[in-house]
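Chemist: Right, I'll just put the structure down here and ask away after.
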Amino acid sequence: MKNLKEQYDVVVIGGGLAGFCAAVSAARHGATTSLIQDRPVLGGNSSSEVRVTPHGAAAFHSYARETGIISELLIEERARNHEEIFENGWTNSVWDLTMYDMAVNTPNLTLHLNTTIHHVVKNAERQIQAVVGRVANAETEIEISGKLFIDCSGDGIVADLAGCEWRMGSEGRAEFNEYHAPLEASGDTMGNSIHFRARDMGRPVPFKAPDWAVQHEDAAYFYEDGRIPKEMRGGYWWLEIGVPWHTIYDSEDIRHELTRHTLGVWDWIKNKDLLLKEKSANYALDWVGQVPGKRESRRIMGRYFMTEHDPANRTVFADEIAFGGWFLDLHTPGGLLAVHSEQASAEGYSQMSEYAIKSYCGPYGIPLRILIAKDMDNLMMAGRNVSVSHAALGTVRVMSTTALMGQAAGIAAAVALRSGLLIGEVPERGIKEVQQLLLRDGCFLPNYKNEDTKDLALSAVVSASSSAKLHEVTPESGGFHEGLDVWRDQNHRTQSDHLMQRRGQWIAIGSDQLDVVSVCLSNTTDHIQTIEALIVPVEHIWDYRTDPGPALARTLLQVPPGDKQWIAWPVQLNEASGLAPGRYIRLDLTENPDVEWHRAGAIETGHMAAFEMGLGKMRRYDNGVTMSFRVEPEQACYSPANAVNGVTRPHRFTNLWKSDPNEDSVPWLELSWDSAQTIAQVELTFPGHLVREYHAYAPFYKDPQCAKDYSIVAWIEGAWQEVIRIEGNYQRHCRHTMSPPVTTTKLRIVIHATNGDPSAAMYEVRCYA
């Protein structure tokens with residue numbers, strides 16, 4: 001046996017998305033970092049070994065897609081990959097290589113793949129000195145010392161070996177009064193899954209199951225209990241087993257059972273189901289996973305314990321470092337061995353049941369304290385092993401959310417080390433620096449914005465060649481959405497725009513008055529229909545309260561019979577009546593199934609719709625669309641000042657500068673100062689990749705809104721001089737270093753071409769000396 005010893009500032013155990021983002025962020029911020037992964041590829045459950053596609057908040061909320069390192073990765077993967085995204089089973093090795101490429105190109109980062117940790121060395125009661133691992137197929141044992149350790153192993157193996165307190169299983173309802181908790185506490189957890197992939201061969205392909213495969217004979221097992229095989233290609237999350245096995249110790253037994261069940265399900269589809277036999281005739285198995293994807297095991301107790309009340313009530317934390325927005329998604333213990341695999345699926349994915357309403361949550365903030373082990377002074381965790389209840393795990397466990405937690409853990413570790421703080425002190429003494437670094441690195445925090453005193457752009461006067469104004473979006477409006485679709489496996493698509501429930505449309509206010517609002521409606525009856533219309537103030541685009549406050553205006557609209565009629569409402573609102581420039585209002589129309597409110601043919605940036613689901617709560621309408629409307633006068637809601645307001649996505653306002661495509665052929669955004677500034681770094685955040693989840697984006701996708709070719713020019717000695725020129729960009733967050741630095745009173749970002757949209761646009765410009 002060969003023995004090695006290495007030493008680093010930060011040691012990250014686990015190379016899933018949480019661990020990967022933790023290691024990259026720590027290394028980017030100057031910490032020598034080791035990333036230890038027990039598999040040959042990075043990505044954990046998202047890798048080509050397991051093939052669970054990363055989910056996150058944008059599956060349920062418009063403009064809620066996760067940004068930062070996970071965004072860089074997913075944007076790069078779409079630009080490189082020929083494969084379409086499909087739910088579970090379709091991840092290929094291009095994703096593995098995208099992650100590997102970033103890792104090997106990150107200074108200060110050392111990879112240790114195929115390395116399993118089996119021992120922890122402690123140098124004090126509350127201090128880890130090193131972890132010891134064995135490298136598979138290399139007859140090598142390696143001891144890796146560090147100053148700070150981040151356990152992203154999923155199972156919390158390092159925390160367990162170090163003697164930390166942890167929980168596993170379900171808390172009883174009485175402990176925290178959680179709606180989603182079972183009545184009695186138990187050791188039950190969500191199960192593990194494997195996936196399969198099938199291909200259409202263009203001709204009939206037989207399948208004979210082995211004798212050891214499970215034999216299915218009862219159609220009710222599938223169609224009445226939420227296990228409907230919707231697609232022949234695969235993507236069945238419900239191929240899941242947990243109880244009565246232990247998800248850690250019995251993982252191999254679970255794998256064997258899952259293989260038996262998976263082949264049995266495919267046998268049912270191919271040979272027994274009267275409908276699916278014909279539908280699947282030409283399909284052949286292409287791949288069956290043999291590395292189970294795990295949902296739940298140990299949860300390490302931290303400096304704060306998050307329950308489902310926090311995401312449900314959107315608790316605001318002073319140490320907020322990430323956000324979530326997946327629903328409270330708790331799979332039934334036992335999975336395939338239980339009556340149903342999940343309550344939402346058993347309900348047919350109803351959006352209006354009590355369970356659906358109380359499960360819909362977010363976007364909500366996540367505190368740093370759940371990432372810091374309470375029993376150790378130099379141990380953090382990120383991923384599904386963080387300090388949350390079983391019920392809260394239902395929402396924070398999805399991979400894009402864990403990636404955000406990982407990036408925050410890496411930055412917090414780097415801040416602690418260079419500030420001489422214990423990691424447990426960072427939530428109070430170092431949190432502002434952590435939050436500002438996260439924002440600067442492209443992340444989003446729901447309750448915090450850019451207040452970096454070093455950002456010279458915050459003191460600049462901002463102007464532009466032109467600015468688009470909001471006037472109308474109609475059913476005939478054309479958008480630039482090539483390659484943007486919906487997550488096909490999601491049951492949230494709306495077949496009809498008839499007003500089956502109250503529906504609301506967010507509208508950004510960019511002036512001190514709103515005289516007329518019009519909507520495009522069809523009345524399918526032969527007599528006049530009446531609809532109540534309201535305008536209500538809202539805090540932000542995820543303010544889903546049905547009645548967030550007293551209405552600014554209310555009326556009854558008369559809709560005569562006919563198709564696509566524009567019904568005008570003279571609202572005559574101004575600041576005296578409560579209109580607030582730089583904020584959103586919501587235009588609501590109440591229920592009337594005989595009236596159709598037509599959606600627009602385009603997505604107007606930052607303008608989304610929601611519908612009333614019940615219990616005083618609304619949720620995103622369809623997969624994120626804009627309803628048709630007109631406003632008079634036009635609203636100046638895309639002004640250049642938005643690019644320095646500290647927020648890099650639609651939230652309390654559009655927060656976007658967008659040029660008027662009819663006014664200039666080479667749009668630009670300009671920063672100017674009263675005195676000369678020395679600028680060495682310019683950081684830009686372009687729009688795109690936010691409105692819907694990763695699953696909605698096509699192969700080789702490059703978001704049309706994102707700047708493709710642009711230059712940075714500075715006013716030097718009485719003339720504009722180009723200092724940076726970029727061609728072929730498709731990334732959202734871009735940093736440019738100017739060597740040597742330039743001294744100037746004016747700086748312009750000139751957009752020569754986008755990836756398809758006729759308007760240039762930008763969420764943020766930052767400048768640093």
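Residues in the structure tokens are numbered from 1 in each chain, the chains being A, B, ... in the order shown, and ligands are numbered from 1 in the order shown.
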Could you produce a table of the residues of range 388-477 of chain A lying within 12 Å of range 327-350 of chain A, with the nearest pair of atoms per residue and their separation in Å rounded to one decimal, using only C-alpha atoms, ordered by chain and increasing residue number, as CSV?

Modeler:
```
residue,atom,partner,partner_atom,distance
A:Ser389,CA,A:Leu328,CA,11.5
A:His390,CA,A:Leu330,CA,8.4
A:Ala391,CA,A:Leu330,CA,7.0
A:Ala392,CA,A:Leu328,CA,6.8
A:Leu393,CA,A:Leu328,CA,7.7
A:Gly394,CA,A:Asp329,CA,4.4
A:Thr395,CA,A:Leu328,CA,4.7
A:Val396,CA,A:Leu328,CA,8.4
A:Arg397,CA,A:Asp329,CA,9.1
A:Val398,CA,A:Asp329,CA,9.5
A:Thr401,CA,A:Phe327,CA,11.8
```

Chemist: Next, dump the selected residues to file, keeping only N, CA, C and O atoms, as a tab-separated table (two decimals), in the first residue's frame.

Modeler:
```tsv
chain	number	residue	atom	x	y	z
A	389	SER	N	-35.09	19.81	9.20
A	389	SER	CA	-36.00	18.71	9.53
A	389	SER	C	-36.26	17.87	8.27
A	389	SER	O	-35.97	18.29	7.15
A	390	HIS	N	-36.79	16.69	8.49
A	390	HIS	CA	-37.16	15.83	7.36
A	390	HIS	C	-38.12	16.55	6.41
A	390	HIS	O	-37.97	16.48	5.18
A	391	ALA	N	-39.08	17.28	6.98
A	391	ALA	CA	-40.05	17.98	6.14
A	391	ALA	C	-39.38	19.08	5.33
A	391	ALA	O	-39.64	19.23	4.13
A	392	ALA	N	-38.51	19.87	5.96
A	392	ALA	CA	-37.82	20.94	5.24
A	392	ALA	C	-36.88	20.39	4.19
A	392	ALA	O	-36.63	21.02	3.16
A	393	LEU	N	-36.34	19.19	4.43
A	393	LEU	CA	-35.46	18.58	3.45
A	393	LEU	C	-36.18	18.38	2.11
A	393	LEU	O	-35.54	18.39	1.05
A	394	GLY	N	-37.50	18.24	2.17
A	394	GLY	CA	-38.26	18.05	0.94
A	394	GLY	C	-38.06	19.15	-0.08
A	394	GLY	O	-38.19	18.91	-1.29
A	395	THR	N	-37.72	20.35	0.37
A	395	THR	CA	-37.51	21.46	-0.57
A	395	THR	C	-36.04	21.79	-0.77
A	395	THR	O	-35.62	22.11	-1.87
A	396	VAL	N	-35.19	21.72	0.27
A	396	VAL	CA	-33.80	22.15	0.10
A	396	VAL	C	-32.93	21.08	-0.55
A	396	VAL	O	-31.80	21.37	-0.95
A	397	ARG	N	-33.42	19.86	-0.71
A	397	ARG	CA	-32.57	18.76	-1.16
A	397	ARG	C	-32.29	18.76	-2.66
A	397	ARG	O	-31.38	18.06	-3.12
A	398	VAL	N	-33.05	19.52	-3.46
A	398	VAL	CA	-32.83	19.44	-4.91
A	398	VAL	C	-31.49	20.06	-5.28
A	398	VAL	O	-31.01	20.99	-4.65
A	401	THR	N	-30.43	23.85	-5.64
A	401	THR	CA	-30.42	24.52	-4.33
A	401	THR	C	-29.19	24.13	-3.54
A	401	THR	O	-28.53	24.99	-2.92
```

Chemist: Among range 230-300 of chain A, which residues carry a DSSP assignment of strand (DSSP E), reported as a ChimeraX atom specification?

Modeler: /A:240-241,283-288,293-294,299-300

Chemist: The selected residues should be written to file as a PDB file, in the first residue's frame (atoms: N, CA, C and O atoms).

Modeler:
```
ATOM      1  N   GLU A 240     -38.113   3.915  -7.133  1.00  0.00           N
ATOM      2  CA  GLU A 240     -37.520   4.306  -5.849  1.00  0.00           C
ATOM      3  C   GLU A 240     -37.839   3.272  -4.788  1.00  0.00           C
ATOM      4  O   GLU A 240     -38.978   2.791  -4.699  1.00  0.00           O
ATOM      5  N   ILE A 241     -36.845   2.936  -3.993  1.00  0.00           N
ATOM      6  CA  ILE A 241     -37.051   2.027  -2.858  1.00  0.00           C
ATOM      7  C   ILE A 241     -36.225   2.523  -1.673  1.00  0.00           C
ATOM      8  O   ILE A 241     -35.070   2.920  -1.839  1.00  0.00           O
ATOM      9  N   TYR A 283     -39.373   0.565 -28.982  1.00  0.00           N
ATOM     10  CA  TYR A 283     -38.380   1.053 -28.016  1.00  0.00           C
ATOM     11  C   TYR A 283     -37.570  -0.106 -27.440  1.00  0.00           C
ATOM     12  O   TYR A 283     -38.104  -1.186 -27.157  1.00  0.00           O
ATOM     13  N   ALA A 284     -36.266   0.171 -27.272  1.00  0.00           N
ATOM     14  CA  ALA A 284     -35.364  -0.807 -26.668  1.00  0.00           C
ATOM     15  C   ALA A 284     -34.613  -0.154 -25.526  1.00  0.00           C
ATOM     16  O   ALA A 284     -34.280   1.041 -25.586  1.00  0.00           O
ATOM     17  N   LEU A 285     -34.335  -0.922 -24.487  1.00  0.00           N
ATOM     18  CA  LEU A 285     -33.520  -0.407 -23.389  1.00  0.00           C
ATOM     19  C   LEU A 285     -32.137  -0.037 -23.906  1.00  0.00           C
ATOM     20  O   LEU A 285     -31.490  -0.818 -24.609  1.00  0.00           O
ATOM     21  N   ASP A 286     -31.688   1.154 -23.541  1.00  0.00           N
ATOM     22  CA  ASP A 286     -30.380   1.650 -23.970  1.00  0.00           C
ATOM     23  C   ASP A 286     -29.403   1.716 -22.798  1.00  0.00           C
ATOM     24  O   ASP A 286     -28.205   1.535 -22.966  1.00  0.00           O
ATOM     25  N   TRP A 287     -29.937   1.988 -21.597  1.00  0.00           N
ATOM     26  CA  TRP A 287     -29.090   2.142 -20.403  1.00  0.00           C
ATOM     27  C   TRP A 287     -29.951   1.939 -19.173  1.00  0.00           C
ATOM     28  O   TRP A 287     -31.100   2.410 -19.118  1.00  0.00           O
ATOM     29  N   VAL A 288     -29.416   1.215 -18.193  1.00  0.00           N
ATOM     30  CA  VAL A 288     -30.049   1.066 -16.884  1.00  0.00           C
ATOM     31  C   VAL A 288     -29.010   1.423 -15.831  1.00  0.00           C
ATOM     32  O   VAL A 288     -27.918   0.846 -15.810  1.00  0.00           O
ATOM     33  N   GLY A 293     -29.286   6.805  -6.912  1.00  0.00           N
ATOM     34  CA  GLY A 293     -29.325   8.190  -6.472  1.00  0.00           C
ATOM     35  C   GLY A 293     -30.068   8.266  -5.155  1.00  0.00           C
ATOM     36  O   GLY A 293     -31.177   7.753  -5.018  1.00  0.00           O
ATOM     37  N   LYS A 294     -29.448   8.907  -4.181  1.00  0.00           N
ATOM     38  CA  LYS A 294     -29.986   8.905  -2.818  1.00  0.00           C
ATOM     39  C   LYS A 294     -30.629  10.246  -2.509  1.00  0.00           C
ATOM     40  O   LYS A 294     -30.083  11.293  -2.823  1.00  0.00           O
ATOM     41  N   ARG A 299     -28.767  13.876   8.550  1.00  0.00           N
ATOM     42  CA  ARG A 299     -28.815  15.335   8.543  1.00  0.00           C
ATOM     43  C   ARG A 299     -28.029  15.820   9.761  1.00  0.00           C
ATOM     44  O   ARG A 299     -28.389  15.509  10.891  1.00  0.00           O
ATOM     45  N   ILE A 300     -26.953  16.549   9.519  1.00  0.00           N
ATOM     46  CA  ILE A 300     -26.037  16.946  10.578  1.00  0.00           C
ATOM     47  C   ILE A 300     -26.590  18.160  11.314  1.00  0.00           C
ATOM     48  O   ILE A 300     -27.003  19.139  10.681  1.00  0.00           O
TER      49      ILE A 300
END
```

Chemist: For Met381 in chain A, which residue among A:Asp155, A:Glu539, A:Glu433, A:Glu296 is the nearest when counting only C-alpha atoms?

Modeler: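 Closest residue, counting only C-alpha atoms: A:Asp155.
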
Chemist: Using only C-alpha atoms, can you tell me which of A:Val388, A:Ala58, A:Ile321, A:Ile150 comes closest to Gly15 in chain A?

Modeler: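 For Gly15 in chain A, the nearest of the candidates is A:Ile150.
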
Chemist: Give me the residues near range 476-480 of chain A as a ChimeraX atom specification, where near means some atom within 7 Å (using only C-alpha atoms) and where sequence neighbours in that chain fewer than 5 positions away do not count.

Modeler: /A:600-603,704,756-757

Chemist: Can you write just those residues out, C-alpha atoms, as a CSV table (one decimal), in the first residue's frame?

Modeler:
```csv
chain,number,residue,atom,x,y,z
A,600,ALA,CA,-49.2,37.2,-25.1
A,601,GLY,CA,-47.3,35.7,-28.0
A,602,ALA,CA,-44.1,36.8,-26.3
A,603,ILE,CA,-42.6,36.9,-22.8
A,704,PRO,CA,-31.0,35.4,-27.4
A,756,GLY,CA,-30.8,36.9,-31.3
A,757,ASP,CA,-32.8,39.5,-29.5
```

Chemist: To one decimal place, how far is CA of Ala533 in chain A from CA of Leu589 in chain A in Å?

Modeler: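 Straight-line distance from CA of Ala533 in chain A to CA of Leu589 in chain A works out to 4.7 Å.
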
Chemist: Please list as an MDAnalysis selection string every residue within 7 Å of range 119-126 of chain A, counting only C-alpha atoms and excluding residues in the same chain fewer than 5 positions away.

Modeler: chainID A and resid 131:133 158 161:162 375:377

Chemist: Print the selection's residues with all heavy atoms to a file, as a PDB file, in the first residue's frame.

Modeler:
```pdb
ATOM      1  N   VAL A 131      -8.505  14.004   7.095  1.00  0.00           N
ATOM      2  CA  VAL A 131      -9.334  12.873   6.709  1.00  0.00           C
ATOM      3  C   VAL A 131      -8.426  11.877   5.980  1.00  0.00           C
ATOM      4  O   VAL A 131      -7.463  12.261   5.322  1.00  0.00           O
ATOM      5  CB  VAL A 131     -10.513  13.289   5.811  1.00  0.00           C
ATOM      6  CG1 VAL A 131     -11.516  14.120   6.589  1.00  0.00           C
ATOM      7  CG2 VAL A 131     -10.040  14.039   4.565  1.00  0.00           C
ATOM      8  N   VAL A 132      -8.746  10.607   6.113  1.00  0.00           N
ATOM      9  CA  VAL A 132      -7.942   9.552   5.496  1.00  0.00           C
ATOM     10  C   VAL A 132      -8.823   8.785   4.523  1.00  0.00           C
ATOM     11  O   VAL A 132      -9.941   8.371   4.868  1.00  0.00           O
ATOM     12  CB  VAL A 132      -7.362   8.594   6.555  1.00  0.00           C
ATOM     13  CG1 VAL A 132      -6.485   7.522   5.890  1.00  0.00           C
ATOM     14  CG2 VAL A 132      -6.562   9.373   7.603  1.00  0.00           C
ATOM     15  N   GLY A 133      -8.325   8.608   3.302  1.00  0.00           N
ATOM     16  CA  GLY A 133      -9.102   7.938   2.277  1.00  0.00           C
ATOM     17  C   GLY A 133      -8.286   6.914   1.529  1.00  0.00           C
ATOM     18  O   GLY A 133      -7.051   6.924   1.557  1.00  0.00           O
ATOM     19  N   VAL A 158     -18.065  12.373   7.143  1.00  0.00           N
ATOM     20  CA  VAL A 158     -17.023  13.026   7.935  1.00  0.00           C
ATOM     21  C   VAL A 158     -17.591  13.486   9.278  1.00  0.00           C
ATOM     22  O   VAL A 158     -16.978  13.284  10.331  1.00  0.00           O
ATOM     23  CB  VAL A 158     -16.413  14.211   7.160  1.00  0.00           C
ATOM     24  CG1 VAL A 158     -15.431  14.979   8.037  1.00  0.00           C
ATOM     25  CG2 VAL A 158     -15.724  13.715   5.897  1.00  0.00           C
ATOM     26  N   LEU A 161     -18.025  10.410  11.485  1.00  0.00           N
ATOM     27  CA  LEU A 161     -16.753   9.915  12.006  1.00  0.00           C
ATOM     28  C   LEU A 161     -16.154  10.853  13.054  1.00  0.00           C
ATOM     29  O   LEU A 161     -15.421  10.426  13.939  1.00  0.00           O
ATOM     30  CB  LEU A 161     -15.764   9.712  10.857  1.00  0.00           C
ATOM     31  CG  LEU A 161     -16.084   8.570   9.884  1.00  0.00           C
ATOM     32  CD1 LEU A 161     -15.155   8.619   8.679  1.00  0.00           C
ATOM     33  CD2 LEU A 161     -15.988   7.208  10.583  1.00  0.00           C
ATOM     34  N   ALA A 162     -16.479  12.162  12.937  1.00  0.00           N
ATOM     35  CA  ALA A 162     -15.968  13.137  13.900  1.00  0.00           C
ATOM     36  C   ALA A 162     -16.792  13.179  15.179  1.00  0.00           C
ATOM     37  O   ALA A 162     -16.437  13.891  16.128  1.00  0.00           O
ATOM     38  CB  ALA A 162     -15.931  14.521  13.261  1.00  0.00           C
ATOM     39  N   ASP A 375     -21.177  20.846  16.576  1.00  0.00           N
ATOM     40  CA  ASP A 375     -20.288  20.117  17.476  1.00  0.00           C
ATOM     41  C   ASP A 375     -18.813  20.218  17.109  1.00  0.00           C
ATOM     42  O   ASP A 375     -17.966  19.658  17.797  1.00  0.00           O
ATOM     43  CB  ASP A 375     -20.684  18.634  17.512  1.00  0.00           C
ATOM     44  CG  ASP A 375     -22.082  18.426  18.062  1.00  0.00           C
ATOM     45  OD1 ASP A 375     -22.465  19.175  18.983  1.00  0.00           O
ATOM     46  OD2 ASP A 375     -22.796  17.535  17.561  1.00  0.00           O
ATOM     47  N   MET A 376     -18.487  20.898  16.000  1.00  0.00           N
ATOM     48  CA  MET A 376     -17.094  21.041  15.582  1.00  0.00           C
ATOM     49  C   MET A 376     -16.832  22.500  15.226  1.00  0.00           C
ATOM     50  O   MET A 376     -17.730  23.198  14.744  1.00  0.00           O
ATOM     51  CB  MET A 376     -16.776  20.146  14.378  1.00  0.00           C
ATOM     52  CG  MET A 376     -16.996  18.656  14.609  1.00  0.00           C
ATOM     53  SD  MET A 376     -15.974  17.973  15.931  1.00  0.00           S
ATOM     54  CE  MET A 376     -14.354  18.141  15.214  1.00  0.00           C
ATOM     55  N   ASP A 377     -15.588  22.943  15.442  1.00  0.00           N
ATOM     56  CA  ASP A 377     -15.242  24.338  15.176  1.00  0.00           C
ATOM     57  C   ASP A 377     -14.684  24.565  13.773  1.00  0.00           C
ATOM     58  O   ASP A 377     -14.478  25.714  13.374  1.00  0.00           O
ATOM     59  CB  ASP A 377     -14.205  24.825  16.202  1.00  0.00           C
ATOM     60  CG  ASP A 377     -14.815  24.966  17.589  1.00  0.00           C
ATOM     61  OD1 ASP A 377     -16.037  25.190  17.678  1.00  0.00           O
ATOM     62  OD2 ASP A 377     -14.068  24.824  18.576  1.00  0.00           O
TER      63      ASP A 377
END
```

Chemist: Find the residues near Trp597 in chain A: any atom within 8 Å, counting only C-alpha atoms, skip ones fewer than 5 places away on the same chain, and give them as a count of residues only.

Modeler: 9

Chemist: In terms of the shortest atom-to-atom distance over only C-alpha atoms, which of A:Val750, A:Val516, A:Ile585, A:Cys361 is closest to Asp664 in chain A?

Modeler: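 The closest residue to Asp664 in chain A is A:Val750.
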
Chemist: Give me the residues near Trp715 in chain A as a ChimeraX atom specification, where near means some atom within 12 Å (using only C-alpha atoms) and where sequence neighbours in that chain fewer than 4 positions away do not count.

Modeler: /A:670-673,676-678,719-723,742-749

Chemist: Hey, can you spit out that residue selection with N, CA, C and O atoms as a compact mmCIF listing (two decimals), in the first residue's frame?

Modeler:
```txt
# COMPACT_ATOMS: atom_id res chain seq x y z
N GLU A 670 -23.66 53.77 -20.58
CA GLU A 670 -22.52 54.61 -20.19
C GLU A 670 -22.55 54.92 -18.70
O GLU A 670 -23.60 55.23 -18.13
N LEU A 671 -21.37 54.83 -18.07
CA LEU A 671 -21.16 55.28 -16.70
C LEU A 671 -20.29 56.53 -16.74
O LEU A 671 -19.29 56.57 -17.46
N SER A 672 -20.66 57.53 -15.96
CA SER A 672 -19.84 58.74 -15.92
C SER A 672 -19.69 59.20 -14.48
O SER A 672 -20.57 59.01 -13.64
N TRP A 673 -18.52 59.81 -14.20
CA TRP A 673 -18.19 60.28 -12.86
C TRP A 673 -17.74 61.74 -12.93
O TRP A 673 -17.22 62.20 -13.96
N ALA A 676 -12.04 61.70 -12.25
CA ALA A 676 -11.45 60.54 -12.91
C ALA A 676 -11.38 59.34 -11.97
O ALA A 676 -11.06 59.48 -10.78
N GLN A 677 -11.67 58.16 -12.52
CA GLN A 677 -11.63 56.91 -11.77
C GLN A 677 -10.62 55.98 -12.45
O GLN A 677 -10.56 55.90 -13.68
N THR A 678 -9.86 55.26 -11.65
CA THR A 678 -8.96 54.24 -12.18
C THR A 678 -9.65 52.89 -12.09
O THR A 678 -10.03 52.46 -10.99
N ALA A 719 -11.22 61.30 -26.38
CA ALA A 719 -11.74 60.40 -27.41
C ALA A 719 -12.09 59.05 -26.79
O ALA A 719 -11.55 58.67 -25.75
N TRP A 720 -13.00 58.33 -27.46
CA TRP A 720 -13.34 56.98 -27.02
C TRP A 720 -12.29 55.99 -27.51
O TRP A 720 -11.97 55.96 -28.70
N GLN A 721 -11.78 55.18 -26.59
CA GLN A 721 -10.78 54.17 -26.94
C GLN A 721 -11.27 52.80 -26.48
O GLN A 721 -11.68 52.63 -25.32
N GLU A 722 -11.24 51.83 -27.38
CA GLU A 722 -11.66 50.48 -27.04
C GLU A 722 -10.57 49.80 -26.21
O GLU A 722 -9.41 49.74 -26.61
N VAL A 723 -10.97 49.27 -25.05
CA VAL A 723 -9.99 48.61 -24.18
C VAL A 723 -10.24 47.10 -24.07
O VAL A 723 -9.33 46.35 -23.73
N VAL A 742 -7.31 51.56 -16.64
CA VAL A 742 -7.56 52.82 -17.34
C VAL A 742 -8.06 53.87 -16.35
O VAL A 742 -8.76 53.55 -15.39
N THR A 743 -7.68 55.10 -16.59
CA THR A 743 -8.15 56.22 -15.80
C THR A 743 -9.06 57.05 -16.68
O THR A 743 -8.66 57.50 -17.76
N THR A 744 -10.31 57.23 -16.24
CA THR A 744 -11.30 57.85 -17.11
C THR A 744 -12.42 58.45 -16.28
O THR A 744 -12.61 58.11 -15.11
N THR A 745 -13.18 59.35 -16.92
CA THR A 745 -14.41 59.87 -16.31
C THR A 745 -15.65 59.25 -16.93
O THR A 745 -16.75 59.47 -16.43
N LYS A 746 -15.48 58.50 -18.03
CA LYS A 746 -16.62 57.89 -18.71
C LYS A 746 -16.23 56.51 -19.24
O LYS A 746 -15.14 56.34 -19.79
N LEU A 747 -17.15 55.57 -19.09
CA LEU A 747 -16.94 54.21 -19.57
C LEU A 747 -18.22 53.74 -20.26
O LEU A 747 -19.32 53.97 -19.74
N ARG A 748 -18.06 53.10 -21.40
CA ARG A 748 -19.22 52.59 -22.12
C ARG A 748 -19.08 51.09 -22.37
O ARG A 748 -18.00 50.60 -22.65
N ILE A 749 -20.22 50.41 -22.28
CA ILE A 749 -20.31 49.03 -22.76
C ILE A 749 -21.16 49.10 -24.04
O ILE A 749 -22.33 49.49 -24.00
```

Chemist: Quick one: pull the distance between CA of Gly324 in chain A and CA of Gly68 in chain A, Å, one decimal.

Modeler: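 Those two atoms sit 14.0 Å apart.
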
Chemist: For Arg78 in chain A, which residue out of A:Asp703, A:Glu143, A:Asp319, A:Glu727 is the nearest one, using only C-alpha atoms?

Modeler: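 Looking only at the distances to Arg78 in chain A, the closest residue turns out to be A:Asp703.
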
Chemist: Which one is closest to Met618 in chain A: A:Ile431, A:Ile411, A:Ala356, A:Ala551? Count only C-alpha atoms.

Modeler: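 Comparing A:Ile431, A:Ile411, A:Ala356, A:Ala551 against Met618 in chain A, the winner is A:Ala356.
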
Chemist: Could you name the residues that touch Tyr364 in chain A at 6 Å or less, counting only C-alpha atoms, but leaving out those on the same chain fewer than 3 positions away, as a ChimeraX atom specification?

Modeler: /A:311,314,323-324

Chemist: Any idea what the distance is between CA of Gly430 in chain A and CA of Thr67 in chain A?

Modeler: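 Computing it gives 22.1 Å between the two atoms.
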
Chemist: With distances taken over only C-alpha atoms, which of A:Ala79, A:Glu175, A:Gly156, A:Ile269 is nearest to Gly728 in chain A?

Modeler: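 The closest residue to Gly728 in chain A is A:Ala79.
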
Chemist: Taking the backbone alone, and naming residues the way the document does, which bits of range 604-726 of chain A are helix (DSSP H, G or I) by DSSP, as a ChimeraX atom specification?

Modeler: /A:640-644,694-696

Chemist: Store the residues picked out above in a file with C-alpha atoms, as a CSV table (one decimal), in the first residue's frame.

Modeler:
```csv
chain,number,residue,atom,x,y,z
A,640,PRO,CA,-30.2,52.5,-17.5
A,641,ALA,CA,-30.3,53.3,-13.8
A,642,ASN,CA,-31.5,49.7,-13.3
A,643,ALA,CA,-28.0,48.5,-14.1
A,644,VAL,CA,-26.6,49.9,-10.9
A,694,TYR,CA,-32.8,24.4,-17.1
A,695,HIS,CA,-35.0,21.6,-18.5
A,696,ALA,CA,-36.7,24.1,-20.8
```
